[in-house]
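Comments concern the structure below.
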Amino acid sequence: MSSADSRASRISGTRQPLTGRYRAHPWLGAIAPAGVPLRPRVYAWTEALLLALAGAPTGIDEMRLAMLPDAVVRGYAGVGQSDSPPPAWLGPALAERFPRLAGELGRDFSDLDAELDHAVSIILRGVTP
């Protein structure tokens, strides 16, 4: 396994504990981060990400990159929370103003793990030579 593949695997492995945090506490996604984290768990996964990023290509700010997975997971946290379909008026309203977005309304986002794995792989493709 190349060092880039190994790094990608280590970084991907940090997604599951982060996802578990939002699954155990769905209300977390509604809370906007404010200031420096005060909980040791946040520091633990940030440390794990920084260690996984060791040896990243030159020019990549490892701390900024380490902050991305939390932002991605937070963004997806609410997507899988609702079992109700979008309101009937939303499709026509979007189709009129945002036709490209309207075409995505019927998409199934219920497999949060698959969506997050895909999002993390996009991030990693951007940092793996």
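Letters for chains follow the order of the structure tokens (A, B, ...), residue numbers begin at 1 for each chain, and ligand numbers begin at 1 in the order shown.
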With a distance cut-off of 12 Å and only C-alpha atoms, select the neighbouring residues of region 69-71 of chain A, excluding the residue or stretch itself and same-chain residues fewer than 2 positions from it, and output the selection as a PDB file with N, CA, C and O atoms, in the first residue's frame.
ATOM      1  N   ILE A  11      -7.377   8.510   7.237  1.00  0.00           N
ATOM      2  CA  ILE A  11      -8.299   9.647   7.299  1.00  0.00           C
ATOM      3  C   ILE A  11      -9.731   9.155   7.201  1.00  0.00           C
ATOM      4  O   ILE A  11     -10.607   9.587   7.950  1.00  0.00           O
ATOM      5  N   SER A  12     -10.009   8.225   6.277  1.00  0.00           N
ATOM      6  CA  SER A  12     -11.363   7.673   6.142  1.00  0.00           C
ATOM      7  C   SER A  12     -11.819   7.010   7.433  1.00  0.00           C
ATOM      8  O   SER A  12     -12.995   7.072   7.789  1.00  0.00           O
ATOM      9  N   GLY A  13     -10.901   6.390   8.150  1.00  0.00           N
ATOM     10  CA  GLY A  13     -11.237   5.730   9.403  1.00  0.00           C
ATOM     11  C   GLY A  13     -11.698   6.672  10.490  1.00  0.00           C
ATOM     12  O   GLY A  13     -12.349   6.258  11.446  1.00  0.00           O
ATOM     13  N   THR A  14     -11.397   7.940  10.362  1.00  0.00           N
ATOM     14  CA  THR A  14     -11.838   8.907  11.372  1.00  0.00           C
ATOM     15  C   THR A  14     -13.295   9.315  11.165  1.00  0.00           C
ATOM     16  O   THR A  14     -13.904   9.885  12.056  1.00  0.00           O
ATOM     17  N   ARG A  15     -13.860   9.029   9.992  1.00  0.00           N
ATOM     18  CA  ARG A  15     -15.228   9.434   9.716  1.00  0.00           C
ATOM     19  C   ARG A  15     -16.232   8.705  10.595  1.00  0.00           C
ATOM     20  O   ARG A  15     -17.195   9.293  11.076  1.00  0.00           O
ATOM     21  N   GLN A  16     -16.033   7.422  10.845  1.00  0.00           N
ATOM     22  CA  GLN A  16     -17.019   6.640  11.591  1.00  0.00           C
ATOM     23  C   GLN A  16     -17.247   7.149  13.010  1.00  0.00           C
ATOM     24  O   GLN A  16     -18.395   7.318  13.419  1.00  0.00           O
ATOM     25  N   PRO A  17     -16.186   7.438  13.807  1.00  0.00           N
ATOM     26  CA  PRO A  17     -16.452   7.982  15.145  1.00  0.00           C
ATOM     27  C   PRO A  17     -17.155   9.342  15.080  1.00  0.00           C
ATOM     28  O   PRO A  17     -18.022   9.650  15.901  1.00  0.00           O
ATOM     29  N   LEU A  18     -16.803  10.125  14.088  1.00  0.00           N
ATOM     30  CA  LEU A  18     -17.417  11.439  13.937  1.00  0.00           C
ATOM     31  C   LEU A  18     -18.892  11.299  13.575  1.00  0.00           C
ATOM     32  O   LEU A  18     -19.756  11.974  14.139  1.00  0.00           O
ATOM     33  N   THR A  19     -19.205  10.394  12.657  1.00  0.00           N
ATOM     34  CA  THR A  19     -20.592  10.136  12.284  1.00  0.00           C
ATOM     35  C   THR A  19     -21.373   9.610  13.478  1.00  0.00           C
ATOM     36  O   THR A  19     -22.515  10.015  13.715  1.00  0.00           O
ATOM     37  N   GLY A  20     -20.757   8.732  14.257  1.00  0.00           N
ATOM     38  CA  GLY A  20     -21.410   8.186  15.448  1.00  0.00           C
ATOM     39  C   GLY A  20     -21.808   9.257  16.432  1.00  0.00           C
ATOM     40  O   GLY A  20     -22.861   9.178  17.073  1.00  0.00           O
ATOM     41  N   ARG A  21     -20.998  10.284  16.536  1.00  0.00           N
ATOM     42  CA  ARG A  21     -21.310  11.398  17.443  1.00  0.00           C
ATOM     43  C   ARG A  21     -22.625  12.065  17.031  1.00  0.00           C
ATOM     44  O   ARG A  21     -23.474  12.347  17.860  1.00  0.00           O
ATOM     45  N   TYR A  22     -22.808  12.298  15.739  1.00  0.00           N
ATOM     46  CA  TYR A  22     -24.037  12.953  15.274  1.00  0.00           C
ATOM     47  C   TYR A  22     -25.232  12.005  15.299  1.00  0.00           C
ATOM     48  O   TYR A  22     -26.358  12.444  15.457  1.00  0.00           O
ATOM     49  N   LEU A  28     -26.912  17.840  17.602  1.00  0.00           N
ATOM     50  CA  LEU A  28     -25.620  18.506  17.437  1.00  0.00           C
ATOM     51  C   LEU A  28     -25.520  19.262  16.112  1.00  0.00           C
ATOM     52  O   LEU A  28     -24.879  20.305  16.051  1.00  0.00           O
ATOM     53  N   GLY A  29     -26.128  18.718  15.075  1.00  0.00           N
ATOM     54  CA  GLY A  29     -26.062  19.362  13.766  1.00  0.00           C
ATOM     55  C   GLY A  29     -26.705  20.735  13.736  1.00  0.00           C
ATOM     56  O   GLY A  29     -26.377  21.565  12.898  1.00  0.00           O
ATOM     57  N   ALA A  32     -24.424  25.646  15.996  1.00  0.00           N
ATOM     58  CA  ALA A  32     -23.309  26.228  15.257  1.00  0.00           C
ATOM     59  C   ALA A  32     -22.074  26.292  16.158  1.00  0.00           C
ATOM     60  O   ALA A  32     -22.173  26.688  17.313  1.00  0.00           O
ATOM     61  N   PRO A  33     -20.922  25.868  15.635  1.00  0.00           N
ATOM     62  CA  PRO A  33     -19.711  25.955  16.445  1.00  0.00           C
ATOM     63  C   PRO A  33     -19.387  27.413  16.755  1.00  0.00           C
ATOM     64  O   PRO A  33     -19.559  28.286  15.911  1.00  0.00           O
ATOM     65  N   VAL A  42     -13.253  16.230  20.926  1.00  0.00           N
ATOM     66  CA  VAL A  42     -12.980  16.997  19.707  1.00  0.00           C
ATOM     67  C   VAL A  42     -11.472  17.057  19.468  1.00  0.00           C
ATOM     68  O   VAL A  42     -10.999  16.880  18.349  1.00  0.00           O
ATOM     69  N   TYR A  43     -10.720  17.274  20.533  1.00  0.00           N
ATOM     70  CA  TYR A  43      -9.266  17.317  20.394  1.00  0.00           C
ATOM     71  C   TYR A  43      -8.711  15.956  20.011  1.00  0.00           C
ATOM     72  O   TYR A  43      -7.753  15.865  19.239  1.00  0.00           O
ATOM     73  N   TRP A  45     -10.156  13.519  18.136  1.00  0.00           N
ATOM     74  CA  TRP A  45     -10.293  13.184  16.716  1.00  0.00           C
ATOM     75  C   TRP A  45      -9.502  14.138  15.848  1.00  0.00           C
ATOM     76  O   TRP A  45      -9.020  13.765  14.783  1.00  0.00           O
ATOM     77  N   THR A  46      -9.314  15.392  16.301  1.00  0.00           N
ATOM     78  CA  THR A  46      -8.476  16.312  15.534  1.00  0.00           C
ATOM     79  C   THR A  46      -7.028  15.812  15.538  1.00  0.00           C
ATOM     80  O   THR A  46      -6.352  15.814  14.510  1.00  0.00           O
ATOM     81  N   ALA A  48      -6.120  12.692  15.868  1.00  0.00           N
ATOM     82  CA  ALA A  48      -6.094  11.509  15.007  1.00  0.00           C
ATOM     83  C   ALA A  48      -5.997  11.909  13.534  1.00  0.00           C
ATOM     84  O   ALA A  48      -5.248  11.299  12.760  1.00  0.00           O
ATOM     85  N   LEU A  49      -6.732  12.934  13.157  1.00  0.00           N
ATOM     86  CA  LEU A  49      -6.668  13.403  11.769  1.00  0.00           C
ATOM     87  C   LEU A  49      -5.299  13.981  11.452  1.00  0.00           C
ATOM     88  O   LEU A  49      -4.731  13.725  10.384  1.00  0.00           O
ATOM     89  N   LEU A  50      -4.745  14.781  12.365  1.00  0.00           N
ATOM     90  CA  LEU A  50      -3.427  15.359  12.121  1.00  0.00           C
ATOM     91  C   LEU A  50      -2.369  14.269  11.971  1.00  0.00           C
ATOM     92  O   LEU A  50      -1.486  14.361  11.114  1.00  0.00           O
ATOM     93  N   MET A  63      -3.878  21.436   9.505  1.00  0.00           N
ATOM     94  CA  MET A  63      -4.929  21.797  10.466  1.00  0.00           C
ATOM     95  C   MET A  63      -6.211  22.194   9.746  1.00  0.00           C
ATOM     96  O   MET A  63      -7.301  21.790  10.136  1.00  0.00           O
ATOM     97  N   ARG A  64      -6.086  22.966   8.682  1.00  0.00           N
ATOM     98  CA  ARG A  64      -7.286  23.354   7.923  1.00  0.00           C
ATOM     99  C   ARG A  64      -7.944  22.124   7.303  1.00  0.00           C
ATOM    100  O   ARG A  64      -9.166  22.013   7.280  1.00  0.00           O
ATOM    101  N   LEU A  65      -7.128  21.223   6.811  1.00  0.00           N
ATOM    102  CA  LEU A  65      -7.670  20.000   6.238  1.00  0.00           C
ATOM    103  C   LEU A  65      -8.336  19.147   7.311  1.00  0.00           C
ATOM    104  O   LEU A  65      -9.394  18.561   7.085  1.00  0.00           O
ATOM    105  N   ALA A  66      -7.762  19.102   8.509  1.00  0.00           N
ATOM    106  CA  ALA A  66      -8.326  18.304   9.600  1.00  0.00           C
ATOM    107  C   ALA A  66      -9.702  18.819  10.022  1.00  0.00           C
ATOM    108  O   ALA A  66     -10.518  18.063  10.546  1.00  0.00           O
ATOM    109  N   MET A  67      -9.981  20.084   9.778  1.00  0.00           N
ATOM    110  CA  MET A  67     -11.282  20.648  10.153  1.00  0.00           C
ATOM    111  C   MET A  67     -12.386  20.284   9.155  1.00  0.00           C
ATOM    112  O   MET A  67     -13.566  20.353   9.480  1.00  0.00           O
ATOM    113  N   VAL A  73     -19.402  16.225   7.913  1.00  0.00           N
ATOM    114  CA  VAL A  73     -20.342  15.401   8.682  1.00  0.00           C
ATOM    115  C   VAL A  73     -21.462  16.272   9.237  1.00  0.00           C
ATOM    116  O   VAL A  73     -22.633  15.901   9.187  1.00  0.00           O
ATOM    117  N   ARG A  74     -21.136  17.443   9.750  1.00  0.00           N
ATOM    118  CA  ARG A  74     -22.158  18.365  10.271  1.00  0.00           C
ATOM    119  C   ARG A  74     -23.147  18.726   9.161  1.00  0.00           C
ATOM    120  O   ARG A  74     -24.347  18.774   9.375  1.00  0.00           O
ATOM    121  N   GLY A  75     -22.630  18.964   7.960  1.00  0.00           N
ATOM    122  CA  GLY A  75     -23.490  19.309   6.837  1.00  0.00           C
ATOM    123  C   GLY A  75     -24.438  18.190   6.434  1.00  0.00           C
ATOM    124  O   GLY A  75     -25.579  18.431   6.056  1.00  0.00           O
ATOM    125  N   TYR A  76     -23.970  16.957   6.533  1.00  0.00           N
ATOM    126  CA  TYR A  76     -24.796  15.811   6.168  1.00  0.00           C
ATOM    127  C   TYR A  76     -25.662  15.316   7.319  1.00  0.00           C
ATOM    128  O   TYR A  76     -26.567  14.525   7.113  1.00  0.00           O
ATOM    129  N   ALA A  77     -25.372  15.749   8.538  1.00  0.00           N
ATOM    130  CA  ALA A  77     -26.062  15.212   9.720  1.00  0.00           C
ATOM    131  C   ALA A  77     -27.580  15.339   9.623  1.00  0.00           C
ATOM    132  O   ALA A  77     -28.301  14.403   9.962  1.00  0.00           O
ATOM    133  N   LEU A 116     -21.443  10.084   3.089  1.00  0.00           N
ATOM    134  CA  LEU A 116     -20.251  10.607   3.758  1.00  0.00           C
ATOM    135  C   LEU A 116     -18.977   9.991   3.199  1.00  0.00           C
ATOM    136  O   LEU A 116     -17.972  10.687   3.030  1.00  0.00           O
ATOM    137  N   ASP A 117     -19.011   8.697   2.911  1.00  0.00           N
ATOM    138  CA  ASP A 117     -17.834   8.065   2.297  1.00  0.00           C
ATOM    139  C   ASP A 117     -17.502   8.736   0.974  1.00  0.00           C
ATOM    140  O   ASP A 117     -16.337   8.987   0.662  1.00  0.00           O
ATOM    141  N   HIS A 118     -18.524   9.030   0.202  1.00  0.00           N
ATOM    142  CA  HIS A 118     -18.314   9.701  -1.083  1.00  0.00           C
ATOM    143  C   HIS A 118     -17.727  11.099  -0.870  1.00  0.00           C
ATOM    144  O   HIS A 118     -16.770  11.493  -1.539  1.00  0.00           O
ATOM    145  N   ALA A 119     -18.283  11.853   0.080  1.00  0.00           N
ATOM    146  CA  ALA A 119     -17.791  13.203   0.351  1.00  0.00           C
ATOM    147  C   ALA A 119     -16.338  13.177   0.826  1.00  0.00           C
ATOM    148  O   ALA A 119     -15.513  13.977   0.371  1.00  0.00           O
ATOM    149  N   VAL A 120     -16.014  12.252   1.723  1.00  0.00           N
ATOM    150  CA  VAL A 120     -14.634  12.146   2.210  1.00  0.00           C
ATOM    151  C   VAL A 120     -13.703  11.746   1.078  1.00  0.00           C
ATOM    152  O   VAL A 120     -12.586  12.262   0.962  1.00  0.00           O
ATOM    153  N   SER A 121     -14.160  10.862   0.188  1.00  0.00           N
ATOM    154  CA  SER A 121     -13.294  10.463  -0.936  1.00  0.00           C
ATOM    155  C   SER A 121     -13.029  11.649  -1.860  1.00  0.00           C
ATOM    156  O   SER A 121     -11.929  11.764  -2.404  1.00  0.00           O
ATOM    157  N   ILE A 122     -13.991  12.537  -2.014  1.00  0.00           N
ATOM    158  CA  ILE A 122     -13.771  13.742  -2.832  1.00  0.00           C
ATOM    159  C   ILE A 122     -12.702  14.613  -2.188  1.00  0.00           C
ATOM    160  O   ILE A 122     -11.804  15.120  -2.864  1.00  0.00           O
ATOM    161  N   ILE A 123     -12.784  14.781  -0.875  1.00  0.00           N
ATOM    162  CA  ILE A 123     -11.771  15.571  -0.157  1.00  0.00           C
ATOM    163  C   ILE A 123     -10.396  14.935  -0.352  1.00  0.00           C
ATOM    164  O   ILE A 123      -9.422  15.609  -0.653  1.00  0.00           O
ATOM    165  N   LEU A 124     -10.325  13.628  -0.173  1.00  0.00           N
ATOM    166  CA  LEU A 124      -9.036  12.947  -0.266  1.00  0.00           C
ATOM    167  C   LEU A 124      -8.452  12.982  -1.676  1.00  0.00           C
ATOM    168  O   LEU A 124      -7.236  13.097  -1.843  1.00  0.00           O
TER     169      LEU A 124
END
Checklist entry - In terms of the shortest atom-to-atom distance over only C-alpha atoms, which of A:Glu115, A:Leu68, A:Asp108, A:Pro99 is closest to Pro86 (chain A)? => result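 Among the listed residues, A:Asp108 lies closest to Pro86 (chain A).
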Item to check | DSSP-assigned helix (DSSP H, G or I) among region 19-102 of chain A, expressed as a ChimeraX atom specification | outcome: /A:19-24,26-30,40-52,62-77,90-97,99-102
Item to check | Ala102 (chain A) surroundings by only C-alpha atoms, 12 Å radius, close-in-sequence under 3 positions cut, as a PyMOL selection string | outcome: chain A and resi 86+89-99+105-107
Writing out the chosen residues with C-alpha atoms as an mmCIF file, in the first residue's frame:
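Written file, selection_29.cif:
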data_model
loop_
_atom_site.group_PDB
_atom_site.id
_atom_site.type_symbol
_atom_site.label_atom_id
_atom_site.label_comp_id
_atom_site.auth_asym_id
_atom_site.auth_seq_id
_atom_site.Cartn_x
_atom_site.Cartn_y
_atom_site.Cartn_z
ATOM 1 C CA PRO A 86 -40.204 17.437 0.694
ATOM 2 C CA TRP A 89 -44.799 23.020 -3.456
ATOM 3 C CA LEU A 90 -40.995 22.728 -3.284
ATOM 4 C CA GLY A 91 -40.470 20.842 -6.568
ATOM 5 C CA PRO A 92 -42.334 23.323 -8.789
ATOM 6 C CA ALA A 93 -40.803 26.322 -6.968
ATOM 7 C CA LEU A 94 -37.291 24.961 -7.423
ATOM 8 C CA ALA A 95 -37.923 23.898 -11.021
ATOM 9 C CA GLU A 96 -38.870 27.452 -11.898
ATOM 10 C CA ARG A 97 -35.948 29.160 -10.222
ATOM 11 C CA PHE A 98 -33.279 26.454 -9.831
ATOM 12 C CA PRO A 99 -33.901 23.783 -12.501
ATOM 13 C CA LEU A 105 -34.947 16.426 -5.329
ATOM 14 C CA GLY A 106 -35.916 12.806 -5.842
ATOM 15 C CA ARG A 107 -32.456 11.575 -4.944
#
